[in-house]
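Worksheet: the structure to be examined is printed underneath.
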Amino acid sequence: MKKQTSTYKKALFAAMIIFSAFWSACKKDKQPAVVQAVAPIRPITAQSSAYVTQLFEFNPAPGQYANTTIADTTAAQSTLNKSNGLVSLGAYGGYIVVGFDHTVLDAAGKADIIVYGNAFTGFAEPGVVWVMQDTNGNGKPDDTWYELSGSETGKPGYIRNYAVTYTRPACDTCSVPWKDNQGGTGFVHTNTFHKQIYYPIGIKADTYTLTGTTLPSTNINRTNPAFVSSTAFAFGYSDSTAGGDTVDIANAIDKNGSKVKLKGIDFIKVQTGIEANLGRSGELSTEFCGAADMSLLKN
Ligand SMILES: [Ca+2]
Ligand SMILES: [Ca+2]
Ligand SMILES: [Ca+2]
């Protein structure tokens, strides 16, 4: 009898655990996107620029344009206040942080920001776009970055918290070794067209690490070695479509991949999304040419 009771209790206990797990799973499913702390909104005024107006950070990866006028601070500055500046971010993880002079609001059901690059058909160099709201209101991007998810989020080869460490090569024009946090290694290969140092001269340390989200290499086609093509992903990445790529603040996700509701954003970061050598074209490196608040662009 005693044994039966204990078996019964065990069964009841197990049933309760299953039910509570089921119940909490259901509750979880019904939870809306995480709502972030309310950040101050800087309203649009008659003087507001559609384009990003301030450069906060330029931290390139090694690449064939490193240490040239296409990948220096002046190049990074050239992307402000217009759509046709140009800075090369280098290989995986190279990034730029820029800001608007007002808060770009999330317009319901549509894209909010256009990011300009220099892509053309078959030559996408996708950059991951991140957004930040100035939660503490100090005008600086020292708050929390949220990735804007795109068509590749969750697919094989998509990895958040991906990190690549670059090492200063043995000689100035030697290929730059890299090692990622997934066991991968390789080189940013030097080529005969660009003979300068590929390791950014601004980096004094012999190694440095760039961290972000990496995208799948599935759209890179090496069938023709003379022209390795890279087709644009469906949506959500910069330097992918001729004329610019639009992104939606509503696609913001946090570091765990959960959707986040942001009323608006003040800063954006664009970061090269794939470590890949494109043969003669050199390493895959996102170019950033500017960005604009679509609500302020004249049609
Ligand atoms: Ca939107
Ligand atoms: Ca801030
Ligand atoms: Ca490009």
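By convention here, the chains of the structure tokens are called A, B, ... in the order presented, each chain's residues are numbered starting at 1, and ligands are numbered starting at 1 in the order presented.
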Nearby residues, ligand 3, 6 Å, only C-alpha atoms and all ligand atoms, as a CSV table (one decimal) with N, CA and C atoms, in the first residue's frame:
chain,number,residue,atom,x,y,z
A,118,ASN,N,28.2,49.9,-52.3
A,118,ASN,CA,28.6,50.0,-53.7
A,118,ASN,C,28.4,48.6,-54.4
A,119,ALA,N,27.4,47.9,-54.0
A,119,ALA,CA,27.1,46.6,-54.6
A,119,ALA,C,26.6,46.7,-56.0
A,125,GLU,N,28.5,42.4,-50.8
A,125,GLU,CA,29.4,42.1,-49.7
A,125,GLU,C,28.7,42.5,-48.4
A,239,ASP,N,25.2,46.9,-48.4
A,239,ASP,CA,26.2,46.6,-49.5
A,239,ASP,C,25.8,45.3,-50.2
A,286,THR,N,32.7,44.8,-46.7
A,286,THR,CA,31.5,45.6,-46.9
A,286,THR,C,32.0,47.1,-47.1
A,287,GLU,N,31.4,47.7,-48.1
A,287,GLU,CA,31.6,49.2,-48.2
A,287,GLU,C,30.4,49.9,-47.6
Could you list, as JSON, numbers by chain, every residue within 10 Å of region 43-55 of chain A, counting only C-alpha atoms and ignoring same-chain residues fewer than 5 positions away?
{"A": [73, 76, 77, 78, 79, 80, 81, 82, 83, 96, 97, 98, 99, 100, 101, 102, 103, 104, 105, 113, 114, 115, 266, 267, 268, 290, 291, 292, 293, 294, 295, 296, 297, 298]}
Find the residues of chain A that sit at most 10 Å from ligand 2; for each, write down the nearest two atoms and how far apart they are in Å, to one decimal. Count only C-alpha atoms and all ligand atoms. Sort by chain, then by number going up, and give it as JSON lines.
{"residue": "A:Ala39", "atom": "CA", "partner": "ligand 2", "partner_atom_place_in_ligand_line": "1 (Ca)", "distance": 9.5}
{"residue": "A:Met132", "atom": "CA", "partner": "ligand 2", "partner_atom_place_in_ligand_line": "1 (Ca)", "distance": 8.6}
{"residue": "A:Gln133", "atom": "CA", "partner": "ligand 2", "partner_atom_place_in_ligand_line": "1 (Ca)", "distance": 7.3}
{"residue": "A:Asp134", "atom": "CA", "partner": "ligand 2", "partner_atom_place_in_ligand_line": "1 (Ca)", "distance": 4.2}
{"residue": "A:Thr135", "atom": "CA", "partner": "ligand 2", "partner_atom_place_in_ligand_line": "1 (Ca)", "distance": 5.7}
{"residue": "A:Asn136", "atom": "CA", "partner": "ligand 2", "partner_atom_place_in_ligand_line": "1 (Ca)", "distance": 4.9}
{"residue": "A:Gly137", "atom": "CA", "partner": "ligand 2", "partner_atom_place_in_ligand_line": "1 (Ca)", "distance": 5.3}
{"residue": "A:Asn138", "atom": "CA", "partner": "ligand 2", "partner_atom_place_in_ligand_line": "1 (Ca)", "distance": 4.7}
{"residue": "A:Gly139", "atom": "CA", "partner": "ligand 2", "partner_atom_place_in_ligand_line": "1 (Ca)", "distance": 5.2}
{"residue": "A:Lys140", "atom": "CA", "partner": "ligand 2", "partner_atom_place_in_ligand_line": "1 (Ca)", "distance": 4.1}
{"residue": "A:Pro141", "atom": "CA", "partner": "ligand 2", "partner_atom_place_in_ligand_line": "1 (Ca)", "distance": 4.8}
{"residue": "A:Asp142", "atom": "CA", "partner": "ligand 2", "partner_atom_place_in_ligand_line": "1 (Ca)", "distance": 4.6}
{"residue": "A:Asp143", "atom": "CA", "partner": "ligand 2", "partner_atom_place_in_ligand_line": "1 (Ca)", "distance": 5.1}
{"residue": "A:Thr144", "atom": "CA", "partner": "ligand 2", "partner_atom_place_in_ligand_line": "1 (Ca)", "distance": 8.6}
{"residue": "A:Asp266", "atom": "CA", "partner": "ligand 2", "partner_atom_place_in_ligand_line": "1 (Ca)", "distance": 9.0}
{"residue": "A:Phe267", "atom": "CA", "partner": "ligand 2", "partner_atom_place_in_ligand_line": "1 (Ca)", "distance": 9.3}
How would you write, as a list in words, the set of residues no farther than 9 Å from ligand 1 when counting only C-alpha atoms and all ligand atoms?
Leu105, Asp106, Ala107, Ala108, Gly109, Lys110, Ala111, Asp112, Ile113, Val247, Asp248, Ile249, Ala250 and Asn251 of chain A
Store the residues picked out above, limited to C-alpha atoms, as a PDB file, in the first residue's frame.
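This went into out_0.pdb:
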ATOM      1  CA  LEU A 105      11.388  56.348 -35.442  1.00  0.00           C
ATOM      2  CA  ASP A 106      10.216  52.844 -36.277  1.00  0.00           C
ATOM      3  CA  ALA A 107       7.444  53.382 -38.816  1.00  0.00           C
ATOM      4  CA  ALA A 108       4.962  50.520 -38.494  1.00  0.00           C
ATOM      5  CA  GLY A 109       5.037  47.900 -41.204  1.00  0.00           C
ATOM      6  CA  LYS A 110       7.805  49.386 -43.294  1.00  0.00           C
ATOM      7  CA  ALA A 111      11.540  49.891 -43.623  1.00  0.00           C
ATOM      8  CA  ASP A 112      12.975  52.936 -41.846  1.00  0.00           C
ATOM      9  CA  ILE A 113      16.622  53.299 -42.849  1.00  0.00           C
ATOM     10  CA  VAL A 247      16.256  47.884 -43.133  1.00  0.00           C
ATOM     11  CA  ASP A 248      13.431  47.883 -40.610  1.00  0.00           C
ATOM     12  CA  ILE A 249      13.939  48.834 -36.947  1.00  0.00           C
ATOM     13  CA  ALA A 250      11.141  46.361 -36.124  1.00  0.00           C
ATOM     14  CA  ASN A 251      13.599  43.543 -36.924  1.00  0.00           C
TER      15      ASN A 251
END
Could you list, as a PyMOL selection string, every residue within 12 Å of Arg280 (chain A), counting only C-alpha atoms and ignoring same-chain residues fewer than 6 positions away?
chain A and resi 64+189-194+222+224-229
Apply DSSP to the structure's backbone, then extract all residues of region 247-277 of chain A labelled strand (DSSP E) and return them as a list in words.
Val247, Ala252, Ile253, Val260, Lys261, Gly264, Ile265, Asp266, Phe267, Ile268, Lys269, Val270, Gln271 and Thr272 of chain A
Could the residues in this selection be written to a file with C-alpha atoms, as a short mmCIF file (atom, residue, chain, number, x, y, z; two decimals), in the first residue's frame?
data_model
loop_
_atom_site.label_atom_id
_atom_site.label_comp_id
_atom_site.auth_asym_id
_atom_site.auth_seq_id
_atom_site.Cartn_x
_atom_site.Cartn_y
_atom_site.Cartn_z
CA VAL A 247 16.26 47.88 -43.13
CA ALA A 252 15.80 44.40 -33.93
CA ILE A 253 16.89 41.44 -31.82
CA VAL A 260 13.07 43.78 -29.21
CA LYS A 261 10.62 46.64 -29.59
CA GLY A 264 13.33 54.68 -32.44
CA ILE A 265 17.09 54.64 -32.78
CA ASP A 266 19.88 57.21 -32.73
CA PHE A 267 22.98 55.30 -33.89
CA ILE A 268 23.80 52.60 -36.41
CA LYS A 269 26.74 50.26 -36.82
CA VAL A 270 27.53 48.52 -40.09
CA GLN A 271 29.88 45.55 -39.92
CA THR A 272 31.33 43.22 -42.56
#
Looking at A:Glu57, A:Asp254, A:Asp180, A:Glu275, which one is nearest to Thr74 (chain A), with distances taken over only C-alpha atoms?
A:Glu57
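Minimum atom-to-atom distance to Gly282 (chain A), evaluated using only C-alpha atoms, belongs to A:Ser175 out of A:Thr69, A:Ser175, A:Thr153, A:Asn59.
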Using the chain letters and numbers from this document, which residues of region 33-273 of chain A does DSSP assign to helix (DSSP H, G or I), as an MDAnalysis selection string?
chainID A and resid 73:77 249:251
Dump C-alpha atoms for the selected residues as a CSV table (one decimal), in the first residue's frame?
chain,number,residue,atom,x,y,z
A,73,THR,CA,39.2,58.2,-41.0
A,74,THR,CA,38.8,60.7,-43.8
A,75,ALA,CA,37.0,58.1,-45.9
A,76,ALA,CA,34.8,57.2,-42.9
A,77,GLN,CA,33.9,61.0,-42.6
A,249,ILE,CA,13.9,48.8,-36.9
A,250,ALA,CA,11.1,46.4,-36.1
A,251,ASN,CA,13.6,43.5,-36.9
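Nearest-residue note for Asp172 (chain A): choosing from A:Gly236, A:Thr121, A:Lys263, A:Asn67, the minimum distance belongs to A:Asn67, counting only C-alpha atoms.
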